[in-house]
Amino acid sequence: MAKAATTANPGVKSGVRIVVAGDRGTGKSSLIVTAISETFPSSVPPVLPPTRMPDDFYPDRVPITIIDTSSKVEDASKVAEELKRADAVVLTYACDRPETLDRLSTFWLPELRQLEVKVPVIVVGCKLDLRDENQQVSLEQVMSPIMQQFREIETCIECSAFKHIQIPEVFYYAQKAVLHPTGPLFDQESQTLKPRCVRALKRIFILCDLDRDGALSDAELNEFQVKCFNAPLQPSEIIGVKRVVEEKLPGGGVSGMGVNDCGLTLTGFLFLHALFIEKGRLETTWTVLRKFGYNNDIKLSDELIPTFKLAPDQSVELTSEAVEYLRNIYELFDSDGDNNLRPAELEDIFSTAPESPWEEPPYKDAAEKTALGGLSANAFLSEWALMTLLDPSRAVENLIYIGYSGDPSAAVRLTRRRRLDRKKKQSDRNVFHCFVFGPKKSGKSALVNSFIGRPFYDSYAPTAEEIYAVNVVDLPGVSVIEVGIKKTLVLREIPDGGVKKLLSNKESLASCDIAVFVYDSSDQSSWKRATELLVDVASHGEDTGYEVPCLIVAAKDDLNSFPMAIQESTRVSQDMGIEAPIPISSKMGDTNNVFRRIVTAAEHPHLSIPETEAGRSRKQYNRLVNRSLMFVSVGAAVAIVGLAAYRVYAARKNSSG
C-alpha cells in the first residue's frame, strides 16, 4: 500500500489558464494588452501569443496565463481545443454592437456546452466608451435573462481598454472564479449554502470543537482562526463576530441558535459562511475548506487519500482497530441501544461526508435490514467490509469523513495473495468473496436474498445486473467450550448472460475466493447449464492460474428431482473432484447451512478445486515432462561424476608413471 504525499494546501491550483474568446472586433486582443502593459495599444496583431501575467499581479499570487483566440472560421477547431484546456473562459462582446451580445446566447455559450467546457465563464462588454449614450441600459437588465439560461456565467462586467475602465478587474474575476468558485458553495436561486458545503463545514466544526460541547468557545475560535488564517482574533473581534450572529439568529442562553453560553454553535458557524459568500468574500470559506484538505468538488483532495497497489488476487480488509472504531460509532448513533440503526441515524453518521456512500448500488440494499428497516451492528459492519473489498480508497476516505483520526494506513490491511493461500492450504482472510453462477430460473437470486433475510417470492424476476449481498457468518468453535468466530461473506450474483463478458477478462477470477453454481434440482436442462458454467469457470481458472474452490447447490429441493439426478450429480462431482451438490429450499427456508459451508470451503482454498479433462491431461503431460527432465538431470550428474573420477584416476596413473 502506498500513501500519496500530502501538500501544504491541497486543492489550490498552481496556475490559472484563461482563454479569451468572442466575435471578431470585440476587443479581445486590446483587452489583454492593456491589462498586461497598462497602456492602450495603437495597433495589435490579429492573435496574441500566450501571455503570462506577473505572479504578484493579484493578491493570491497564482500565475495567470492568458490565451488569445482567432475569430476566423478556419481556426474554429484550434479555438475549440484551447477552450477545452481552459480553467476559465472570458467571452467578449462589443458594447457598441448589440449583435455581438446576441451571439453569446445563440453561439458562444451553446458552443461551450457542446464542447463540454465546464469551467466558469466571465462575460465582458468591451468598448464601453463607444456605446451610444442614447441607449443606456443597465448591465443587470441586459444580462439577467442570459444568466438565468446559462448558469455557468460567473460574473458580467463592462470595461474600456481605451479609457482604462475596469480592465484589471476582468482577469481578477476570472482568476477568482477558478480559485474561489461560487457554484460548489452556494445556490444563487435559494440563497443558501449547498448541501455538500454544509456537510464539509459541519465536519470542520466538529473537528474544531475539541471539548465536544456543540459550540466553539473563544479559545477554539482562536485556534481555528490561527490554523486557517495564521493570525489570532482579538477579544474585541470575537465579540464582534458573535454580535453579528446574535443579531440575525437571536436566542442566547443554553439553547441559543447561533450563539449559546458555550460559544458559537454549528448554526452560527454556517450562518457566518453564508454571510461571507453573500458579501462576495468567497475566498474566506475556500481558505477554510482548503486548510482542511478539500478540493473544488468539496471532497478531500486525492493527496490525502491512500492508494493501494495490489496483486490481482489480493484484497483489502479493515483492521481490528478500524472495526472497533466503527463499533463505537454505531453505539454512539444507535441512541436507544436497540441494535437498529434507523435510516435517519445512518444519515447522521454520514452527515459530514459529501453524501451517504450507500445510497447507490452495489451498496444500496446489500445488507440485511431489521424489522424496522434499519441496520444491525453486523449489517453496518458488513456494509463497511463490502466497501473496503470493492473500493478500499473510498472506504478509507469515508472513515476520515466520519471522524477517524488515526493513520489511514492503519485502518486497513492487505491480505495474502490467494495463490499463496492455496500453497499454504489455508486462508487468514476475514472477508470472503463468493461468485454465484447459475442459469436463469435456477434459484440463485432466492439464495442471495435468503442470505440477507429477504422473503421468498414465487414470481420470477430476471437478474439483469450483478447484485451483491453481504452478511456475517458465524462459524462454530472447535470444541464445545470454544467460542465460535465470525467471518464476513460477500455474495456476488453473476447473471447468466454476463458470464461470457466476465470470463473475457484474464484476471476476472483473481478476486474470487470461492464460486457457487446453483441449479434447479427439478429441471435437467438447468443442471446441464450449471455444469457447463462450472466447466467454463474451471477451465478459465486452469488457463489463467486463478483456480478457485467450487461448490454446487441444488436449489428448489422442495420439488421432485429430475430423473437420474443423483447419478448425474455423482458422476460430475467425482469426475471433477468436488463435493456432491448441497440441497436447499429457499421457499421452505431450508438453506442446509450452505453459507457456513461456503465459508468453510473458502477457508481451505486448496480443496474443492474442480479439474477438467483438459486440465487433467495438462497435469499428466507436465508430470511426464518433469520426470523426463529428472532422468536427464540424473544421467547428466552421473556422467559428470564419472568424468571427474576418470580424470582423478588418469592423473594418479601419470604421476606414478
# chains A, B, ... in the order shown; residues from 1 in each chain; ligands from 1

call {"tool": "select_by_dssp", "arguments": {"residues": "range 163-380 of chain A", "states": "strand (DSSP E or B)", "output": "list in words"}}
result
Ile165, Phe186, Asp187, Thr192, Leu193, Ala215, Leu216, Val259, Asn260, Gly263, Leu264, Thr265, Tyr294, Leu300, Thr307, Val316, Glu317, Leu318, Leu341, Ala367, Lys369 and Leu375 of chain A

call {"tool": "residues_around", "arguments": {"residues": "Leu399 in chain A", "least_positions_apart": "5", "cutoff": "9 Å", "atoms": "only C-alpha atoms", "output": "list in words"}}
result
Ala322, Leu326, Arg394, Tyr404, Ser405, Pro408 and Ala411 of chain A

call {"tool": "residues_around", "arguments": {"residues": "Glu542 in chain A", "least_positions_apart": "4", "cutoff": "10 Å", "atoms": "only C-alpha atoms", "output": "list in words"}}
result
Asp536, Val537, Ala538, Tyr546, Glu547, Val548, Ile609, Pro610, Glu611, Thr612, Ala614, Gly615, Arg616 and Arg618 of chain A

call {"tool": "write_last_selection", "arguments": {"atoms": "N, CA and C atoms", "output": "compact mmCIF listing (two decimals), in the first residue's frame"}}
result
# COMPACT_ATOMS: atom_id res chain seq x y z
N ASP A 536 -16.71 -24.08 -17.66
CA ASP A 536 -16.17 -22.82 -18.19
C ASP A 536 -15.31 -22.11 -17.15
N VAL A 537 -15.83 -22.03 -15.94
CA VAL A 537 -15.10 -21.33 -14.87
C VAL A 537 -13.85 -22.11 -14.49
N ALA A 538 -13.98 -23.44 -14.36
CA ALA A 538 -12.82 -24.26 -14.01
C ALA A 538 -11.73 -24.16 -15.07
N TYR A 546 -5.68 -18.76 -11.87
CA TYR A 546 -6.54 -18.29 -10.78
C TYR A 546 -7.64 -19.32 -10.50
N GLU A 547 -7.23 -20.50 -10.08
CA GLU A 547 -8.19 -21.55 -9.78
C GLU A 547 -8.90 -21.25 -8.47
N VAL A 548 -10.18 -21.60 -8.40
CA VAL A 548 -10.96 -21.31 -7.19
C VAL A 548 -11.72 -22.55 -6.75
N ILE A 609 -11.26 -27.74 -5.58
CA ILE A 609 -10.94 -27.09 -6.85
C ILE A 609 -11.25 -28.08 -7.98
N PRO A 610 -12.20 -27.76 -8.85
CA PRO A 610 -12.58 -28.70 -9.91
C PRO A 610 -11.47 -28.87 -10.94
N GLU A 611 -11.44 -30.05 -11.52
CA GLU A 611 -10.42 -30.37 -12.51
C GLU A 611 -11.11 -30.84 -13.79
N THR A 612 -10.87 -30.15 -14.89
CA THR A 612 -11.45 -30.54 -16.17
C THR A 612 -10.58 -31.60 -16.83
N ALA A 614 -9.22 -31.39 -19.76
CA ALA A 614 -8.06 -30.70 -20.34
C ALA A 614 -7.03 -30.39 -19.27
N GLY A 615 -7.51 -29.98 -18.10
CA GLY A 615 -6.60 -29.68 -17.00
C GLY A 615 -5.88 -30.93 -16.51
N ARG A 616 -6.61 -32.03 -16.46
CA ARG A 616 -6.02 -33.29 -16.02
C ARG A 616 -4.94 -33.75 -17.02
N ARG A 618 -3.26 -31.84 -19.02
CA ARG A 618 -2.13 -30.91 -18.92
C ARG A 618 -1.22 -31.29 -17.75

call {"tool": "residues_around", "arguments": {"residues": "range 506-523 of chain A", "least_positions_apart": "5", "cutoff": "9 Å", "atoms": "only C-alpha atoms", "output": "JSON, numbers by chain"}}
result
{"A": [311, 312, 313, 314, 315, 418, 419, 432, 433, 434, 435, 436, 437, 438, 439, 440, 441, 442, 443, 444, 447, 528, 529, 530, 531, 533, 534, 537, 540, 541, 543, 544, 545, 546, 547, 548, 549, 550, 551, 552, 553, 554, 555, 556, 557, 559, 560, 561, 562, 563, 565, 583, 598, 599, 601, 602, 603, 605]}

call {"tool": "residues_around", "arguments": {"residues": "Val33 in chain A", "least_positions_apart": "6", "cutoff": "9 Å", "atoms": "only C-alpha atoms", "output": "list in words"}}
result
Thr39, Phe40, Pro41, Val44, Leu48, Thr51 and Ala161 of chain A

call {"tool": "closest_residue", "arguments": {"among": "A:Thr192, A:Thr284, A:Ser105, A:Gln149", "to": "Phe271 in chain A", "atoms": "only C-alpha atoms"}}
result
A:Thr192

call {"tool": "residues_around", "arguments": {"residues": "Lys13 in chain A", "least_positions_apart": "3", "cutoff": "8 Å", "atoms": "only C-alpha atoms", "output": "list in words"}}
result
Val16, Val62 and Leu179 of chain A

call {"tool": "write_last_selection", "arguments": {"atoms": "N, CA and C atoms", "output": "short mmCIF file (atom, residue, chain, number, x, y, z; two decimals), in the first residue's frame"}}
result
data_model
loop_
_atom_site.label_atom_id
_atom_site.label_comp_id
_atom_site.auth_asym_id
_atom_site.auth_seq_id
_atom_site.Cartn_x
_atom_site.Cartn_y
_atom_site.Cartn_z
N VAL A 16 -3.36 29.39 -13.39
CA VAL A 16 -4.70 29.55 -13.96
C VAL A 16 -4.56 29.89 -15.44
N VAL A 62 -1.08 33.63 -7.72
CA VAL A 62 -1.13 32.42 -8.54
C VAL A 62 -0.91 32.85 -9.99
N LEU A 179 -10.19 30.03 -8.56
CA LEU A 179 -9.64 29.73 -7.23
C LEU A 179 -10.72 29.68 -6.16
#

call {"tool": "residues_around", "arguments": {"residues": "Leu210 in chain A", "least_positions_apart": "6", "cutoff": "12 Å", "atoms": "only C-alpha atoms", "output": "count of residues only"}}
result
9

call {"tool": "closest_residue", "arguments": {"among": "A:Ile452, A:Pro462, A:Gln426, A:Tyr468", "to": "His606 in chain A", "atoms": "only C-alpha atoms"}}
result
A:Gln426

call {"tool": "atom_distance", "arguments": {"atom1": "CA of Asn593 in chain A", "atom2": "CA of Glu493 in chain A"}}
result
18.8 Å

call {"tool": "select_by_dssp", "arguments": {"residues": "range 63-152 of chain A", "states": "helix (DSSP H, G or I)", "output": "PyMOL selection string"}}
result
chain A and resi 73-84+98-114+128-130+133-135+139-149
